[in-house]
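The block underneath contains the structure these notes are about, expressed in structure tokens.
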There are 2 protein chains.
Amino acid sequence: MSKMLAEIREQPAALQRTLKSAARRIREFSRAVELQKPRLVVLAARGTSDNAALFGRYLIEMTTGLPVSLAAPSIQTLYGATVEYRNALVIGVSQSGESPDVNVVVAKAREGGALTLGITNEPHSALAQTAEHVLLVGAGKERSVAATKTYTGQVMVLYLVAKSLGAALKTSDLEAIPGLADAALRLEGEVNELAGRFRFMNRAVVVGRGLNYANAFEMALKLMETCYVAAERFSSADFLHGPIAMVDPNFPVFAFGPAGPGWPGLEETLLRLRGMKTETVVITDKRNREAPGQVIRIPVSVPEIYSPIPYIIPAQIFAAALAREKGLDPDKPRSLNKVTRTL
Amino acid sequence: MSKMLAEIREQPAALQRTLKSAARRIREFSRAVELQKPRLVVLAARGTSDNAALFGRYLIEMTTGLPVSLAAPSIQTLYGATVEYRNALVIGVSQSGESPDVNVVVAKAREGGALTLGITNEPHSALAQTAEHVLLVGAGKERSVAATKTYTGQVMVLYLVAKSLGAALKTSDLEAIPGLADAALRLEGEVNELAGRFRFMNRAVVVGRGLNYANAFEMALKLMETCYVAAERFSSADFLHGPIAMVDPNFPVFAFGPAGPGWPGLEETLLRLRGMKTETVVITDKRNREAPGQVIRIPVSVPEIYSPIPYIIPAQIFAAALAREKGLDPDKPRSLNKVTRTL
């Protein structure tokens with residue numbers, strides 16, 4: 001079994017640990033929020049962590065009304081500009097905590113008077129030392145180059161951050177997420193079987209919207225890293241503004257489709273793709289009874305706001321299974337190391 | 001000749017007109033900026049306009065130090081959340097001015113007390129009526145579905161916006177941009193010849209960084225819309241964090257490579273790709289004497305801050321030429337209309 005698949009399966013336990021390890025430090029962070037009252041939230045990250053940050057961008061803005069920005073680190077690291085973050089909360093997200101550009105953004109923000117937070121798997125990392133506050137992802141050592149359990153762990157921590165910033169999220173609902181992840185893992189056999197059909201796929205599109213937009217990026221990144229598939233990712237709105245032109249019957253579309261406000265638009269897109277004879281696979285759950293095309297259905301009801309973690313799990317399983325079908329080792333993508341240092 | 005190519009060639013004149021038409025209203029906007037002193041800039045857009053907005057995101061933050069965010073319209077249009085934009089400048093960017101989701105973001109921001117600005121080609125559009133201030137792109141009617149002259153026109157207006165917000169940009173330098181565009185157009189013959197080599201390309205990566213990051217998105221979008229190439233786009237930093245794994249000798253990489261702070265990292269990436277036998281094409285100019293791989297060189301010296309407009313032009317020509325080589329009509333991408341309405 002690949003390390004990637006083993007780590008995918010660890011997620012319910014890793015999420016439990018994350019809730020525990022972050023809970024210890026969240027009160028102190030919440031007090032700092034009350035004191036400093038940030039007017040803006042900035043998230044800085046790279047790679048998979050940047051996809052978790054993209055989830056945070058949606059969740060925090062949607063549930064707190066605070067404007068959120070994803071940092072463009074090069075503005076500070078390459079161009080040497082200083083950005084006015086005095087009234088901001090600046091959050092660095094990094095599995096290893098050793099991403100130099102993310103750490104520069106956090107360090108400069110802290111110097112400039114911002115409230116700073118690091119979200120990392122590594123308590124002794126540079127990020128954990130640079131940020132004033134630290135919330136740890138309790139995922140345990142990640143051995144596969146393709147990140148899975150640290151992504152869902154970062155997403156979990158971002159729910160806690162949103163709650164600290166005033167989001168009306170119930171602790172009991174957050175505590176139910178590991179169970180949702182467990183239910184999603186029951187799809188392994190079904191997803192493995194589906195993957196065979198895509199053995200010769202070399203291009204794909206992944207679409208998602210709102211809270212699942214980040215999942216579209218994350219599934220695409222897993223397909224790129226572990227299966228060498230040119231996987232595009234779009235919100236269903238942006239997809240219709242141009243990229244849909246490139247789609248043909250050999251160019252399948254994967255979609256994250258929870259019941260919720262984004263569903264009618266996504267369903268329309270899927271029906272339009274059916275008219276174009278495009279093959280589609282939609283990940284949804286029991287609440288969404290009708291969905292066109294091939295369906296991966298999580299066998300429980302998932303409130304949309306808590307869909308990102310259980311919904312990414314079948315996508316992770318799919319990438320690991322497709323890599324195997326293609327004769328590739330998902331734990332060792334060519335040309336990659338676990339920690340990438342960029343400025 | 002395709003409408004797309006005709007419109008690519010119109011750009012120096014269109015940019016001149018844009019400078020003139022925006023100049024008339026910029027003073028009023030500058031006074032409003034002085035009065036309201038926005039602390040945050042938010043850009044809302046879709047499709048090609050969203051790529052121009054991405055340029056604005058870098059330019060404004062880099063030259064003014066104001067934090068900038070790209071709006072996620074679905075948070076307001078689908079989820080019905082209200083974002084606190086009271087101290088913000090909210091800018092809608094839309095060629096047609098008829099993008100419902102962009103207009104909702106601008107309208108809600110204006111109600112909430114934000115300073116609002118519309119950047120559009122259409123003086124009678126809904127966006128022009130919704131925003132308090134309007135700066136017109138003087139590109140003239142765009143007939144090709146693939147946007148070219150409105151993209152560079154929007155980029156030009158965003159320089160003026162940055163200047164109003166305090167960026168140290170000289171009017172004489174802005175007035176030189178149409179001449180740089182003209183110099184870039186001289187590459188048409190050379191770029192046409194190069195395009196033939198890529199007749200059977202169906203996957204590609206485009207990389208750019210900082211001020212040219214948006215150009216990577218825009219070139220990729222043109223390749224998707226007009227040539228049906230699965231074109232990925234990344235900053236050279238994000239590319240190294242995972243997606244580089246998918247690249248093989250049949251998966252070429254296009255790069256925007258001006259001399260400047262981003263060049264050493266990009267050069268390193270290009271050399272690494274050469275080691276992997278990947279074919280690369282880099283767009284650069286006279287200032288950058290050495291560049292590995294195939295080179296498209298703009299025949300004048302271009303200060304990096306003014307590189308985005310002249311640098312996108314050979315990429316536009318390349319997409320139009322490649323569409324022709326592939327026997328496609330770049331003016332009428334399948335499955336697309338000129339105006340896309342999404343919420």
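Going by the structure tokens order, chains are called A, B, ..., each with residues numbered from 1, while ligands are numbered from 1 in the order shown.
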Item to check | Secondary structure check, alpha helix (DSSP H) residues of range 224-287 of chain A, as a PyMOL selection string | outcome: chain A and resi 224-227+236-240+263-275
Output C-alpha atoms of each residue in that selection to a file, as a PDB file, in the first residue's frame.
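The result, written out as out-v1.pdb:
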ATOM      1  CA  MET A 224      -0.930  16.732 -11.486  1.00  0.00           C
ATOM      2  CA  GLU A 225       1.560  15.571  -8.836  1.00  0.00           C
ATOM      3  CA  THR A 226       0.735  11.900  -8.593  1.00  0.00           C
ATOM      4  CA  CYS A 227      -0.837  11.016 -11.991  1.00  0.00           C
ATOM      5  CA  SER A 236     -18.047  26.758 -12.388  1.00  0.00           C
ATOM      6  CA  ALA A 237     -18.601  30.458 -13.155  1.00  0.00           C
ATOM      7  CA  ASP A 238     -15.092  31.098 -14.512  1.00  0.00           C
ATOM      8  CA  PHE A 239     -15.242  27.828 -16.437  1.00  0.00           C
ATOM      9  CA  LEU A 240     -18.202  29.121 -18.465  1.00  0.00           C
ATOM     10  CA  TRP A 263     -25.793  23.476  -6.880  1.00  0.00           C
ATOM     11  CA  PRO A 264     -28.249  24.924  -9.471  1.00  0.00           C
ATOM     12  CA  GLY A 265     -25.407  26.580 -11.414  1.00  0.00           C
ATOM     13  CA  LEU A 266     -23.244  23.485 -11.223  1.00  0.00           C
ATOM     14  CA  GLU A 267     -26.099  21.220 -12.298  1.00  0.00           C
ATOM     15  CA  GLU A 268     -26.703  23.464 -15.310  1.00  0.00           C
ATOM     16  CA  THR A 269     -23.003  23.193 -16.200  1.00  0.00           C
ATOM     17  CA  LEU A 270     -23.112  19.391 -15.886  1.00  0.00           C
ATOM     18  CA  LEU A 271     -26.197  19.187 -18.124  1.00  0.00           C
ATOM     19  CA  ARG A 272     -24.534  21.422 -20.680  1.00  0.00           C
ATOM     20  CA  LEU A 273     -21.462  19.177 -20.626  1.00  0.00           C
ATOM     21  CA  ARG A 274     -23.708  16.144 -21.107  1.00  0.00           C
ATOM     22  CA  GLY A 275     -25.045  17.835 -24.254  1.00  0.00           C
TER      23      GLY A 275
END
Considering only C-alpha atoms, give me a table of residues in chain B that are at most 7 Å from chain A, with the closest atom pair and distance in Å for each, as CSV.
residue,atom,partner,partner_atom,distance
B:Arg46,CA,A:Asp238,CA,6.2
B:Gly47,CA,A:His241,CA,5.3
B:Glu61,CA,A:Val83,CA,6.8
B:Met62,CA,A:Ala81,CA,5.7
B:Gly65,CA,A:Val83,CA,4.2
B:Leu66,CA,A:Glu84,CA,5.7
B:Pro67,CA,A:Val83,CA,6.0
B:Val68,CA,A:Ser69,CA,6.8
B:Ser69,CA,A:Ser69,CA,4.6
B:Leu70,CA,A:Ser69,CA,7.0
B:Ser74,CA,A:Gly210,CA,6.1
B:Ile75,CA,A:Met62,CA,5.8
B:Leu78,CA,A:Pro261,CA,5.6
B:Tyr79,CA,A:Pro261,CA,6.5
B:Ala81,CA,A:Met62,CA,5.6
B:Thr82,CA,A:Gly65,CA,5.7
B:Val83,CA,A:Gly65,CA,4.2
B:Glu84,CA,A:Gly65,CA,5.7
B:Arg203,CA,A:Ala230,CA,6.9
B:Gly210,CA,A:Ser74,CA,6.1
B:Leu221,CA,A:Pro243,CA,6.8
B:Met224,CA,A:Met246,CA,5.5
B:Glu225,CA,A:Ala245,CA,5.4
B:Tyr228,CA,A:Met246,CA,3.9
B:Val229,CA,A:Met246,CA,6.5
B:Ala230,CA,A:Ala230,CA,6.8
B:Glu232,CA,A:Glu232,CA,6.5
B:Ala237,CA,A:Thr342,CA,5.8
B:Asp238,CA,A:Gly47,CA,6.0
B:His241,CA,A:Gly47,CA,5.3
B:Gly242,CA,A:Glu225,CA,5.6
B:Pro243,CA,A:Met224,CA,5.6
B:Ile244,CA,A:Ser335,CA,6.8
B:Ala245,CA,A:Arg334,CA,5.3
B:Met246,CA,A:Tyr228,CA,3.9
B:Pro261,CA,A:Leu78,CA,5.5
B:Gly262,CA,A:Leu78,CA,6.6
B:Pro333,CA,A:Ala245,CA,6.0
B:Arg334,CA,A:Ala245,CA,5.3
B:Ser335,CA,A:Ala245,CA,5.4
B:Leu336,CA,A:Ala245,CA,6.4
B:Thr340,CA,A:His241,CA,5.8
B:Thr342,CA,A:Ala237,CA,5.8
Checklist entry - Could you name the residues that touch range 107-117 of chain B at 6 Å or less, counting only C-alpha atoms, but leaving out those on the same chain fewer than 4 positions away, as a ChimeraX atom specification? => result /B:85-91,103,130-134
Limited to all heavy atoms, could you put the picked residues into a file as a short mmCIF file (atom, residue, chain, number, x, y, z; two decimals), in the first residue's frame?
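Result written to part_7.cif:
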data_model
loop_
_atom_site.label_atom_id
_atom_site.label_comp_id
_atom_site.auth_asym_id
_atom_site.auth_seq_id
_atom_site.Cartn_x
_atom_site.Cartn_y
_atom_site.Cartn_z
N TYR B 85 -16.83 46.42 3.62
CA TYR B 85 -15.99 47.13 2.66
C TYR B 85 -16.02 48.65 2.88
O TYR B 85 -15.71 49.42 1.98
CB TYR B 85 -16.48 46.85 1.22
CG TYR B 85 -16.09 45.50 0.66
CD1 TYR B 85 -16.85 44.89 -0.33
CD2 TYR B 85 -14.93 44.84 1.09
CE1 TYR B 85 -16.50 43.66 -0.88
CE2 TYR B 85 -14.58 43.61 0.55
CZ TYR B 85 -15.36 43.03 -0.42
OH TYR B 85 -15.00 41.82 -0.96
N ARG B 86 -16.43 49.08 4.08
CA ARG B 86 -16.63 50.51 4.32
C ARG B 86 -15.39 51.35 3.98
O ARG B 86 -15.50 52.41 3.40
CB ARG B 86 -17.03 50.75 5.77
CG ARG B 86 -17.87 52.00 5.92
CD ARG B 86 -18.42 52.10 7.32
NE ARG B 86 -18.04 50.91 8.09
CZ ARG B 86 -18.50 50.63 9.30
NH1 ARG B 86 -19.36 51.44 9.87
NH2 ARG B 86 -18.11 49.56 9.96
N ASN B 87 -14.22 50.86 4.36
CA ASN B 87 -13.01 51.65 4.11
C ASN B 87 -12.27 51.21 2.85
O ASN B 87 -11.09 51.49 2.69
CB ASN B 87 -12.08 51.57 5.32
CG ASN B 87 -12.73 52.19 6.53
OD1 ASN B 87 -13.22 53.32 6.46
ND2 ASN B 87 -12.77 51.47 7.63
N ALA B 88 -12.99 50.55 1.98
CA ALA B 88 -12.34 49.98 0.79
C ALA B 88 -12.66 50.76 -0.48
O ALA B 88 -13.66 51.48 -0.56
CB ALA B 88 -12.77 48.53 0.62
N LEU B 89 -11.77 50.60 -1.44
CA LEU B 89 -12.07 50.96 -2.83
C LEU B 89 -12.41 49.65 -3.53
O LEU B 89 -11.59 48.74 -3.54
CB LEU B 89 -10.85 51.62 -3.47
CG LEU B 89 -10.84 51.66 -5.01
CD1 LEU B 89 -11.97 52.50 -5.56
CD2 LEU B 89 -9.48 52.19 -5.50
N VAL B 90 -13.62 49.54 -4.07
CA VAL B 90 -14.03 48.31 -4.74
C VAL B 90 -14.14 48.59 -6.24
O VAL B 90 -14.88 49.48 -6.67
CB VAL B 90 -15.36 47.78 -4.17
CG1 VAL B 90 -15.83 46.55 -4.94
CG2 VAL B 90 -15.18 47.42 -2.69
N ILE B 91 -13.36 47.85 -7.02
CA ILE B 91 -13.25 48.09 -8.46
C ILE B 91 -13.84 46.92 -9.23
O ILE B 91 -13.40 45.78 -9.07
CB ILE B 91 -11.76 48.26 -8.87
CG1 ILE B 91 -11.07 49.34 -8.02
CG2 ILE B 91 -11.65 48.58 -10.36
CD1 ILE B 91 -9.57 49.47 -8.28
N ASN B 103 -21.33 43.07 -10.91
CA ASN B 103 -22.17 44.23 -10.61
C ASN B 103 -22.79 44.14 -9.21
O ASN B 103 -22.95 45.16 -8.54
CB ASN B 103 -23.24 44.40 -11.69
CG ASN B 103 -22.61 44.78 -13.03
OD1 ASN B 103 -21.47 45.25 -13.07
ND2 ASN B 103 -23.33 44.55 -14.11
N THR B 130 -23.72 51.39 -12.15
CA THR B 130 -23.68 50.91 -10.77
C THR B 130 -22.57 51.56 -9.96
O THR B 130 -22.75 51.90 -8.79
CB THR B 130 -23.50 49.37 -10.77
OG1 THR B 130 -24.55 48.80 -11.55
CG2 THR B 130 -23.56 48.80 -9.37
N ALA B 131 -21.41 51.73 -10.57
CA ALA B 131 -20.26 52.27 -9.84
C ALA B 131 -20.34 53.78 -9.76
O ALA B 131 -20.84 54.44 -10.67
CB ALA B 131 -18.96 51.85 -10.53
N GLU B 132 -19.84 54.34 -8.66
CA GLU B 132 -19.86 55.79 -8.50
C GLU B 132 -18.93 56.45 -9.53
O GLU B 132 -19.28 57.46 -10.11
CB GLU B 132 -19.40 56.13 -7.07
CG GLU B 132 -19.54 57.59 -6.71
CD GLU B 132 -19.00 57.87 -5.31
OE1 GLU B 132 -18.71 56.91 -4.57
OE2 GLU B 132 -18.86 59.07 -4.98
N HIS B 133 -17.77 55.87 -9.72
CA HIS B 133 -16.80 56.39 -10.69
C HIS B 133 -16.61 55.39 -11.82
O HIS B 133 -16.68 54.19 -11.59
CB HIS B 133 -15.46 56.67 -10.01
CG HIS B 133 -15.57 57.72 -8.95
ND1 HIS B 133 -15.32 59.04 -9.18
CD2 HIS B 133 -15.94 57.62 -7.65
CE1 HIS B 133 -15.53 59.73 -8.07
NE2 HIS B 133 -15.90 58.88 -7.13
N VAL B 134 -16.34 55.91 -13.00
CA VAL B 134 -16.16 55.02 -14.16
C VAL B 134 -14.93 55.48 -14.93
O VAL B 134 -14.75 56.67 -15.19
CB VAL B 134 -17.39 55.07 -15.09
CG1 VAL B 134 -17.19 54.14 -16.30
CG2 VAL B 134 -18.65 54.66 -14.34
#
Item to check | Who sits within 7 Å of range 24-33 of chain A, only C-alpha atoms, same chain under 6 positions skipped, as a PyMOL selection string | outcome: chain A and resi 133+135+164-165
Item to check | Surrounding residues of Ile317 in chain A excluding itself and chain neighbours under 4 positions, 9 Å, only C-alpha atoms, as a list of chain:residue names | outcome: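 These residues fall inside the cut-off: A:Met4, A:Leu5, A:Ile8, A:Leu185, A:Leu187, A:Glu188, A:Val191, A:Asn192, A:Ile312, A:Ile313, A:Ala321, A:Leu322.
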Next on the checklist: I need the strand (DSSP E or B) residues of range 156-225 of chain A per DSSP on the backbone, written as a list in words.
Outcome noted: Arg203, Ala204, Val205, Val206 and Val207 of chain A
